[in-house]
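Participant: File name start_8.cif; file contents mmCIF, C-alpha atoms and all ligand atoms; full text below.
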```cif
data_protein
#
loop_
_atom_site.label_atom_id
_atom_site.label_comp_id
_atom_site.auth_asym_id
_atom_site.auth_seq_id
_atom_site.Cartn_x
_atom_site.Cartn_y
_atom_site.Cartn_z
CA MET A 1 32.98 33.39 130.81
CA PRO A 2 35.48 33.64 127.87
CA GLU A 3 39.15 34.06 128.87
CA ASP A 4 39.60 37.57 127.40
CA VAL A 5 36.51 38.76 129.25
CA GLN A 6 37.77 37.12 132.44
CA HIS A 7 41.03 39.01 132.03
CA ALA A 8 39.23 42.33 131.63
CA TYR A 9 37.20 41.55 134.74
CA ALA A 10 40.36 41.18 136.82
CA LYS A 11 41.16 44.09 139.12
CA SER A 12 43.66 46.69 137.88
CA GLY A 13 42.81 49.56 140.20
CA ASP A 14 41.83 51.97 137.39
CA ALA A 15 38.02 52.13 137.47
CA THR A 16 37.45 53.89 134.15
CA ARG A 17 39.99 51.80 132.23
CA ASP A 18 38.64 48.51 133.62
CA LEU A 19 35.11 49.47 132.83
CA GLU A 20 35.95 50.63 129.32
CA ALA A 21 37.72 47.29 128.74
CA VAL A 22 34.61 45.37 129.79
CA ILE A 23 32.31 47.67 127.80
CA SER A 24 34.33 47.14 124.62
CA LEU A 25 34.42 43.37 125.18
CA GLU A 26 30.71 43.03 125.85
CA GLN A 27 29.46 45.57 123.30
CA PRO A 28 29.81 43.38 120.16
CA ARG A 29 27.73 40.63 121.77
CA ILE A 30 25.11 43.09 123.06
CA ASN A 31 24.98 44.83 119.66
CA ALA A 32 24.60 41.53 117.79
CA GLU A 33 21.66 40.65 120.03
CA LEU A 34 20.13 44.09 119.43
CA ARG A 35 20.54 43.76 115.64
CA ARG A 36 18.87 40.34 115.73
CA HIS A 37 15.80 41.66 117.56
CA THR A 38 15.62 44.93 115.63
CA ALA A 39 15.31 42.85 112.43
CA ASP A 40 11.98 41.49 113.80
CA LEU A 41 10.42 44.95 114.02
CA PRO A 42 7.76 45.99 111.48
CA GLU A 43 9.34 47.28 108.26
CA HIS A 44 8.79 51.02 108.81
CA ALA A 45 9.92 50.88 112.43
CA ARG A 46 13.31 49.41 111.54
CA ALA A 47 14.95 52.52 110.08
CA PRO A 48 14.32 54.82 113.09
CA ALA A 49 15.20 51.98 115.48
CA GLU A 50 18.47 51.20 113.70
CA HIS A 51 19.28 54.89 113.36
CA LEU A 52 19.14 55.30 117.13
CA LEU A 53 20.57 51.95 118.19
CA LEU A 54 23.50 52.08 115.79
CA SER A 55 24.38 55.67 116.69
CA GLY A 56 26.50 54.57 119.63
CA GLY A 57 25.62 54.64 123.29
CA LYS A 58 27.53 53.07 126.13
CA ARG A 59 25.09 50.18 126.67
CA LEU A 60 25.15 50.83 130.42
CA ARG A 61 21.77 49.24 131.02
CA PRO A 62 22.60 45.85 129.41
CA LEU A 63 25.95 45.93 131.18
CA LEU A 64 24.14 46.38 134.50
CA THR A 65 21.93 43.38 133.67
CA LEU A 66 24.94 41.20 132.76
CA LEU A 67 27.04 42.18 135.76
CA THR A 68 24.22 41.97 138.30
CA GLY A 69 23.09 38.59 136.97
CA ARG A 70 26.61 37.17 136.99
CA ALA A 71 27.44 38.69 140.38
CA LEU A 72 24.48 36.74 141.75
CA GLY A 73 25.50 33.46 140.13
CA CYS A 74 23.77 33.45 136.73
CA GLY A 75 25.92 31.95 133.98
CA ASP A 76 23.03 31.95 131.52
CA GLU A 77 23.63 33.42 128.05
CA SER A 78 20.03 34.65 128.00
CA LEU A 79 21.20 37.56 130.17
CA TYR A 80 22.13 39.11 126.81
CA THR A 81 18.51 38.86 125.65
CA LEU A 82 17.31 40.65 128.78
CA GLY A 83 20.07 43.22 128.33
CA ALA A 84 18.98 43.82 124.74
CA ALA A 85 15.39 44.24 125.92
CA VAL A 86 16.27 47.01 128.39
CA GLU A 87 18.44 48.76 125.81
CA MET A 88 15.59 48.58 123.30
CA LEU A 89 13.22 50.06 125.87
CA HIS A 90 15.70 52.82 126.59
CA ALA A 91 16.03 53.53 122.86
CA ALA A 92 12.22 53.67 122.52
CA THR A 93 12.01 56.27 125.28
CA LEU A 94 14.71 58.35 123.55
CA LEU A 95 12.84 58.30 120.21
CA HIS A 96 9.81 59.69 122.04
CA ASP A 97 11.84 62.04 124.22
CA ASP A 98 13.46 63.79 121.25
CA ILE A 99 10.01 64.49 119.83
CA LEU A 100 8.73 65.85 123.15
CA ASP A 101 11.88 67.99 123.55
CA SER A 102 11.93 69.03 119.85
CA ALA A 103 15.58 67.98 119.97
CA PRO A 104 17.28 68.19 116.55
CA LEU A 105 20.27 66.06 117.61
CA ARG A 106 20.90 62.83 119.52
CA ARG A 107 24.45 61.62 120.16
CA GLY A 108 25.72 64.22 117.69
CA ARG A 109 23.50 62.96 114.83
CA THR A 110 20.25 64.25 113.39
CA SER A 111 17.38 62.93 115.54
CA ALA A 112 15.19 60.16 114.13
CA HIS A 113 12.02 62.30 114.06
CA VAL A 114 13.75 64.90 111.88
CA LEU A 115 14.83 62.21 109.41
CA PHE A 116 11.80 59.92 109.41
CA GLY A 117 8.97 62.19 110.58
CA THR A 118 7.11 62.34 113.87
CA VAL A 119 4.42 59.80 113.05
CA THR A 120 6.83 57.04 111.97
CA THR A 121 9.15 57.75 114.90
CA VAL A 122 6.40 57.68 117.56
CA LEU A 123 5.15 54.38 116.14
CA ALA A 124 8.67 52.96 115.85
CA GLY A 125 9.10 53.75 119.57
CA ASP A 126 5.81 51.95 120.28
CA ALA A 127 6.91 48.91 118.27
CA MET A 128 10.25 48.80 120.11
CA LEU A 129 8.48 49.06 123.45
CA ALA A 130 6.22 46.15 122.51
CA LYS A 131 9.12 44.08 121.13
CA ALA A 132 11.13 44.59 124.32
CA LEU A 133 8.18 43.51 126.47
CA LEU A 134 7.65 40.45 124.24
CA LEU A 135 11.29 39.49 124.71
CA VAL A 136 10.97 39.74 128.47
CA SER A 137 7.64 37.88 128.55
CA SER A 138 9.17 35.05 126.46
CA PHE A 139 11.02 34.01 129.65
CA GLY A 140 7.64 32.99 131.08
CA ASP A 141 8.42 34.55 134.47
CA PRO A 142 5.71 36.97 135.61
CA LYS A 143 8.18 38.60 138.02
CA LEU A 144 10.43 39.62 135.14
CA THR A 145 7.52 40.97 133.09
CA ALA A 146 6.09 42.88 136.07
CA CYS A 147 9.49 44.37 136.90
CA VAL A 148 10.06 45.75 133.41
CA SER A 149 6.43 46.83 132.91
CA GLU A 150 6.48 48.81 136.14
CA ALA A 151 9.72 50.49 135.05
CA VAL A 152 8.08 51.57 131.77
CA MET A 153 5.10 52.98 133.66
CA ARG A 154 7.34 54.87 136.15
CA THR A 155 9.42 56.25 133.29
CA ALA A 156 6.32 57.67 131.64
CA GLU A 157 5.15 59.01 135.02
CA GLY A 158 8.48 60.80 135.54
CA GLU A 159 8.40 62.31 132.08
CA ILE A 160 4.82 63.55 132.61
CA ALA A 161 5.83 65.09 135.95
CA GLU A 162 8.77 66.83 134.28
CA PHE A 163 6.54 68.32 131.58
CA ALA A 164 4.04 69.46 134.19
CA ARG A 165 6.81 71.59 135.73
CA LEU A 166 8.38 72.89 132.53
CA ARG A 167 9.59 76.52 132.77
CA ASP A 168 8.74 76.46 136.48
CA THR A 169 11.57 77.57 138.74
CA SER A 170 9.72 76.73 141.94
CA VAL A 171 10.56 73.01 141.59
CA SER A 172 11.77 71.78 144.99
CA ARG A 173 14.72 69.46 145.53
CA GLU A 174 12.29 66.63 146.44
CA GLU A 175 10.23 67.17 143.29
CA TYR A 176 13.37 67.16 141.16
CA VAL A 177 14.49 63.86 142.68
CA ARG A 178 11.00 62.42 142.17
CA ILE A 179 11.07 63.43 138.48
CA ILE A 180 14.50 61.94 137.74
CA THR A 181 13.76 58.82 139.78
CA GLY A 182 10.86 58.23 137.40
CA LYS A 183 12.24 59.27 134.06
CA THR A 184 15.69 57.69 134.47
CA ALA A 185 16.29 55.69 137.64
CA TRP A 186 13.45 53.18 137.35
CA MET A 187 14.85 51.81 134.09
CA LEU A 188 18.30 51.35 135.66
CA ARG A 189 16.62 49.76 138.64
CA ALA A 190 14.86 47.26 136.35
CA SER A 191 18.11 46.63 134.43
CA CYS A 192 19.71 45.38 137.66
CA GLU A 193 16.67 43.67 139.15
CA ILE A 194 16.02 41.49 136.07
CA GLY A 195 19.62 40.24 136.25
CA ALA A 196 19.02 39.27 139.88
CA LEU A 197 15.67 37.64 139.06
CA LEU A 198 17.18 35.56 136.24
CA ALA A 199 19.91 34.50 138.68
CA GLY A 200 17.14 33.19 140.96
CA ALA A 201 18.38 35.48 143.74
CA GLY A 202 16.53 35.49 147.03
CA GLN A 203 14.59 38.53 148.18
CA PRO A 204 17.41 40.33 150.02
CA ALA A 205 19.77 40.15 147.01
CA ALA A 206 17.03 41.03 144.49
CA ARG A 207 16.02 44.01 146.63
CA ALA A 208 19.65 45.09 146.93
CA ALA A 209 20.04 44.84 143.14
CA ALA A 210 16.94 47.02 142.64
CA LEU A 211 18.15 49.60 145.15
CA PHE A 212 21.64 49.63 143.63
CA GLY A 213 20.14 50.35 140.18
CA LEU A 214 17.78 53.01 141.53
CA GLU A 215 20.55 54.92 143.32
CA MET A 216 22.83 54.62 140.28
CA GLY A 217 20.01 55.96 138.10
CA ILE A 218 19.38 59.00 140.31
CA ALA A 219 23.12 59.78 140.38
CA PHE A 220 23.34 59.26 136.60
CA GLN A 221 20.64 61.85 135.88
CA ILE A 222 22.03 64.35 138.41
CA VAL A 223 25.37 64.18 136.57
CA ASP A 224 23.59 64.35 133.19
CA ASP A 225 21.87 67.57 134.22
CA VAL A 226 25.18 68.99 135.45
CA LEU A 227 27.02 68.09 132.22
CA ASP A 228 24.43 70.09 130.29
CA TYR A 229 26.25 73.20 131.58
CA TYR A 230 29.78 71.98 130.78
CA PRO A 231 31.75 73.48 127.89
CA CYS A 232 31.32 71.64 124.61
CA GLU A 233 35.09 70.94 124.49
CA GLU A 234 34.72 68.73 127.58
CA THR A 235 31.57 66.81 126.69
CA GLY A 236 31.58 66.91 122.88
CA LYS A 237 27.95 68.10 123.02
CA PRO A 238 26.40 71.57 122.63
CA ARG A 239 25.48 72.92 126.05
CA GLY A 240 22.38 74.62 127.38
CA GLY A 241 19.80 72.11 126.12
CA ASP A 242 17.89 72.20 129.41
CA LEU A 243 17.71 76.01 129.38
CA ARG A 244 16.37 75.92 125.82
CA GLU A 245 13.87 73.18 126.66
CA GLY A 246 12.71 74.96 129.84
CA LYS A 247 13.94 72.29 132.28
CA SER A 248 14.56 73.61 135.81
CA THR A 249 17.44 71.53 137.07
CA PRO A 250 19.74 72.10 140.09
CA PRO A 251 22.55 74.07 138.36
CA LEU A 252 20.05 76.75 137.29
CA LEU A 253 18.11 76.65 140.58
CA LEU A 254 21.31 77.02 142.64
CA TYR A 255 22.46 79.91 140.46
CA LEU A 256 19.07 81.65 140.78
CA ALA A 257 19.21 81.27 144.56
CA SER A 258 22.63 83.00 144.59
CA LEU A 259 21.51 86.10 142.67
CA PRO A 260 20.26 89.38 144.14
CA ALA A 261 16.43 89.41 144.12
CA GLU A 262 16.04 91.81 141.19
CA GLN A 263 18.47 89.98 138.90
CA ALA A 264 16.94 86.61 139.87
CA GLY A 265 13.45 87.97 139.12
CA ARG A 266 14.49 89.09 135.61
CA LEU A 267 16.15 85.76 134.80
CA ARG A 268 13.19 83.83 136.17
CA ALA A 269 10.78 85.82 134.01
CA ASP A 270 12.89 85.32 130.84
CA PHE A 271 13.30 81.59 131.48
CA GLU A 272 9.64 81.04 132.36
CA SER A 273 8.40 82.88 129.27
CA GLY A 274 10.93 81.14 127.00
CA ASN A 275 12.51 84.50 126.13
CA LEU A 276 16.16 83.56 126.48
CA ALA A 277 18.13 84.41 123.34
CA GLU A 278 20.94 82.08 122.15
CA GLU A 279 23.63 84.49 123.38
CA ASP A 280 21.90 84.71 126.80
CA ILE A 281 21.97 80.92 127.01
CA GLU A 282 25.72 80.76 126.34
CA THR A 283 26.38 83.57 128.86
CA LEU A 284 24.22 81.85 131.46
CA CYS A 285 25.86 78.46 130.94
CA ARG A 286 29.27 80.08 131.38
CA ALA A 287 28.17 81.92 134.57
CA ILE A 288 26.67 78.74 136.02
CA TYR A 289 29.67 76.57 135.15
CA GLU A 290 32.40 79.06 136.06
CA GLY A 291 30.56 80.16 139.21
CA GLY A 292 30.80 76.56 140.49
CA TYR A 293 27.02 75.92 140.51
CA ALA A 294 27.33 72.91 138.20
CA GLY A 295 29.98 71.46 140.53
CA GLN A 296 27.77 72.13 143.55
CA ALA A 297 24.82 70.45 141.83
CA ARG A 298 26.92 67.31 141.29
CA GLU A 299 27.51 66.80 145.03
CA PRO A 300 24.25 64.95 145.86
CA ALA A 301 25.21 62.33 143.24
CA GLY A 302 27.90 61.23 145.72
CA ILE A 303 25.22 60.60 148.37
CA HIS A 304 23.22 58.38 146.01
CA LEU A 305 26.36 56.53 144.97
CA ALA A 306 27.12 55.88 148.65
CA GLY A 307 23.61 54.39 148.88
CA ALA A 308 24.47 52.24 145.84
CA ALA A 309 27.63 51.01 147.61
CA GLU A 310 25.62 50.02 150.67
CA ALA A 311 23.23 48.02 148.51
CA LEU A 312 26.13 46.34 146.71
CA ALA A 313 27.61 45.19 150.02
CA VAL A 314 24.78 42.60 150.19
CA PHE A 315 26.24 40.83 147.09
CA PRO A 316 28.86 38.11 147.63
CA PRO A 317 32.39 39.21 146.62
CA SER A 318 33.14 38.62 142.89
CA PRO A 319 34.90 40.31 139.95
CA GLU A 320 31.46 41.43 138.71
CA ARG A 321 30.66 43.06 142.05
CA ASP A 322 33.98 44.93 141.82
CA LEU A 323 33.01 46.14 138.36
CA LEU A 324 29.59 47.29 139.51
CA ASP A 325 31.43 49.20 142.21
CA LYS A 326 33.67 50.77 139.56
CA MET A 327 30.58 51.84 137.65
CA ARG A 328 29.77 54.11 140.60
CA PHE A 329 33.00 56.05 140.05
CA TYR A 330 32.42 56.13 136.33
CA ILE A 331 28.96 57.65 136.80
CA LEU A 332 30.28 60.29 139.17
CA THR A 333 33.28 61.34 137.10
CA ARG A 334 32.04 60.88 133.55
CA THR A 335 32.11 63.79 131.11
CA VAL A 336 30.20 62.07 128.27
C1 LIG A 401 15.87 61.72 128.55
O1 LIG A 401 15.85 62.83 129.40
C2 LIG A 401 14.56 60.97 128.64
C3 LIG A 401 14.28 59.95 129.46
C4 LIG A 401 15.29 59.45 130.39
C5 LIG A 401 12.94 59.28 129.51
C6 LIG A 401 11.99 59.56 128.36
C7 LIG A 401 10.66 58.90 128.59
C8 LIG A 401 9.56 59.04 127.81
C9 LIG A 401 9.57 59.86 126.58
C10 LIG A 401 8.27 58.39 128.21
C11 LIG A 401 8.17 56.93 128.08
C12 LIG A 401 8.28 56.40 126.69
C13 LIG A 401 8.17 55.06 126.38
C14 LIG A 401 8.34 54.55 124.98
C15 LIG A 401 7.87 54.07 127.43
P1 LIG A 401 16.47 64.22 128.94
O2 LIG A 401 15.59 64.83 127.90
O3 LIG A 401 16.71 65.03 130.16
O4 LIG A 401 17.89 63.80 128.37
P2 LIG A 401 18.52 64.00 126.92
O5 LIG A 401 19.32 65.25 127.04
O6 LIG A 401 19.37 62.78 126.71
O7 LIG A 401 17.42 64.13 125.93
MG MG A 402 15.64 65.05 125.94
#
```
Could you take the file, read its structure, and then write that structure out as structure tokens?
Facilitator:
Amino acid sequence: MPEDVQHAYAKSGDATRDLEAVISLEQPRINAELRRHTADLPEHARAPAEHLLLSGGKRLRPLLTLLTGRALGCGDESLYTLGAAVEMLHAATLLHDDILDSAPLRRGRTSAHVLFGTVTTVLAGDAMLAKALLLVSSFGDPKLTACVSEAVMRTAEGEIAEFARLRDTSVSREEYVRIITGKTAWMLRASCEIGALLAGAGQPAARAAALFGLEMGIAFQIVDDVLDYYPCEETGKPRGGDLREGKSTPPLLLYLASLPAEQAGRLRADFESGNLAEEDIETLCRAIYEGGYAGQAREPAGIHLAGAAEALAVFPPSPERDLLDKMRFYILTRTV
């Protein structure tokens, strides 16, 4: 490991600062790897792919791959290739997701499908998905390929389940967790597990890595759904996307449960029929945020992050394990 990276990996006691230091040190290398593989995409897929990949992003998934692999003894540079593959997969799902959600913006910029059209963007996502799987299969390890392929399948399964329950306020807590486990957590799970597999970890450590990633992924999406109700000044993003898109997530469900029956019935009917006006959405977001329902909805993230800590305890002590532990705090407290 280079000396500057080693320094950033040393403990300072400030989780967010340490993690940001490692993110900014690793990002150039991860981005260079991503640029190299994006250049191999078919001509018309490159523009949407570059638009999304160069629009920022914290690169959490590749970072999970690097840290998990190194924590379990892998000094191999090809961890960056695996990291780039999971980031490319993630980017492919976002290209498709913005079409499904009719989202005009991604990371504060015009979405790829608005700029390049739906057909080109769907196919660019397909090409990125295939390229990422080719990268993983080039390692010649069927376990790696199976791990990532299953994550792709579970992601699609989660997204289908979410769409099946769009504008439906009867979604139970268990169903919600099942949906986000699929659409988000499986990819984080794979990001960690492939690091462990490349490290040649035994079954207990590889299982612990997978569980760590899964719990982190569930917590990540819980917080994501909570931040959707936070004021724009705190997150830098317009709020209320889930209300507009008809997604029944815990902040809304908790708020509905708190209302008198008649008021809840009216809100339910407006949400389910897609009849919420823009000013209703802002008023609702404010009521949900200021009423403490977003804060309440964040609480279960802590339970999943405790599960992540338990999984991490199986890893031998190392600076990378400490950083993975710090990622738990980052996920819980993040505002972006
Ligand atoms: C973001 O959720 C979306 C996902 C985490 C997964 C999207 C998955 C697919 C479209 C299916 C699989 C596609 C491929 C190429 C395998 P969100 O809409 O809640 O978050 P957002 O606010 O960031 O859009
Ligand atoms: Mg979306």
Participant: What gap, in Å, lies between CA of Lys143 (chain A) and CA of Met187 (chain A)?
Facilitator: 15.3 Å
Participant: Show me, as a PyMOL selection string, the residues that have an atom within 6 Å of region 277-287 of chain A when counting all atoms listed in the file, minus same-chain residues fewer than 3 positions from it.
Facilitator: chain A and resi 229+290-291
Participant: Which residues come within 7 Å of Ala294 (chain A), counting only C-alpha atoms, excluding same-chain residues fewer than 5 positions away, as an MDAnalysis selection string?
Facilitator: chainID A and resid 226 229 251 288:289
Participant: Counting all atoms listed in the file, what are the residues, protein, DNA or RNA alike, that approach ligand LIG 401 (chain A) to within 8 Å? I want them as JSON, numbers by chain.
Facilitator: {"A": [89, 90, 92, 93, 94, 95, 96, 97, 98, 100, 101, 103, 106, 125, 126, 128, 129, 152, 153, 155, 156, 157, 158, 159, 160, 180, 183, 184, 221, 224, 225, 228, 241, 242]}
Participant: Between A:Arg61, A:Gly240, A:Leu135, A:Ala49, which has the minimum distance to ligand MG 402 (chain A) (counting all atoms listed in the file)?
Facilitator: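 The closest residue to ligand MG 402 (chain A) is A:Gly240.
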Participant: Just want the 10 Å neighbourhood of Gly236 (chain A), counted on all atoms listed in the file, with same-chain residues fewer than 2 positions away dropped. Output as a list in words.
Facilitator: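 Here the answer would be Arg107, Gly108, Tyr230, Pro231, Cys232, Glu233, Glu234, Pro238, Arg239, Thr335 and Val336 of chain A.
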Participant: One decimal, Å: what's the distance from CA of Gly265 (chain A) over to CA of Arg173 (chain A), could you say?
Facilitator: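 Value for the CA of Gly265 (chain A)-CA of Arg173 (chain A) distance: 19.6 Å.
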Participant: So which one's closest to Thr235 (chain A), A:Thr333, A:Thr68, A:Thr110, A:Thr81? Using all atoms listed in the file, please.
Facilitator: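 Among A:Thr333, A:Thr68, A:Thr110, A:Thr81, it is A:Thr333 that comes nearest to Thr235 (chain A).
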Participant: Between A:Ser318, A:Val136, A:Thr65, A:Ala127, which is the closest to Ala39 (chain A) once you count only C-alpha atoms?
Facilitator: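 Of all the options, A:Ala127 lies closest to Ala39 (chain A).
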Participant: From (21.5, 63.0, 139.2), in the file's coordinates, out to 9 Å: which residues are reached, counting all atoms listed in the file? Answer as number ranges by chain.
Facilitator: A: 177, 180-181, 216-226, 297-298, 300-301, 304
Participant: Between CA of Leu227 (chain A) and CA of Arg334 (chain A), measure the distance and give it in Å to one decimal.
Facilitator: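 Here the two named atoms are 8.9 Å from each other.
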Participant: Please provide as a PyMOL selection string all residues within 12 Å of Ala209 (chain A), with the sequence filter that same-chain residues fewer than 6 positions apart are discarded (counting all atoms listed in the file).
Facilitator: chain A and resi 64-65+67-72+188-199+201-203+215-216+307-316+321+324
Participant: Could you check the closest approach to Leu254 (chain A) for each of A:Val171, A:Leu115, A:Leu82, A:Ile303 and tell me which residue wins, using all atoms listed in the file?
Facilitator: A:Val171
Participant: Could you list as a PDB file with C-alpha atoms, in the coordinates of the input every residue that has an atom within 7 Å of (16.2, 43.0, 121.4), using the file's coordinates and counting all atoms listed in the file?
Facilitator:
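Result file is result.pdb:
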```pdb
ATOM      1  CA  GLU A  33      21.660  40.650 120.030  1.00  0.00           C
ATOM      2  CA  LEU A  34      20.130  44.090 119.430  1.00  0.00           C
ATOM      3  CA  ARG A  36      18.870  40.340 115.730  1.00  0.00           C
ATOM      4  CA  HIS A  37      15.800  41.660 117.560  1.00  0.00           C
ATOM      5  CA  THR A  38      15.620  44.930 115.630  1.00  0.00           C
ATOM      6  CA  THR A  81      18.510  38.860 125.650  1.00  0.00           C
ATOM      7  CA  ALA A  84      18.980  43.820 124.740  1.00  0.00           C
ATOM      8  CA  ALA A  85      15.390  44.240 125.920  1.00  0.00           C
ATOM      9  CA  MET A  88      15.590  48.580 123.300  1.00  0.00           C
ATOM     10  CA  ALA A 132      11.130  44.590 124.320  1.00  0.00           C
ATOM     11  CA  LEU A 135      11.290  39.490 124.710  1.00  0.00           C
TER      12      LEU A 135
END
```
Participant: Give the answer as one residue: which of A:Gln296, A:Ser111, A:Thr120, A:Ser273 has the shortest atom-to-atom distance to ligand MG 402 (chain A), using all atoms listed in the file?
Facilitator: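 With all atoms listed in the file as the atom set, the closest residue is A:Ser111.
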Participant: Would you please work out which residue, of A:Val148, A:Ile99, A:Leu134, A:Ile179, is nearest to ligand MG 402 (chain A) when using all atoms listed in the file?
Facilitator: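 So, comparing all the options, the nearest one is A:Ile99.
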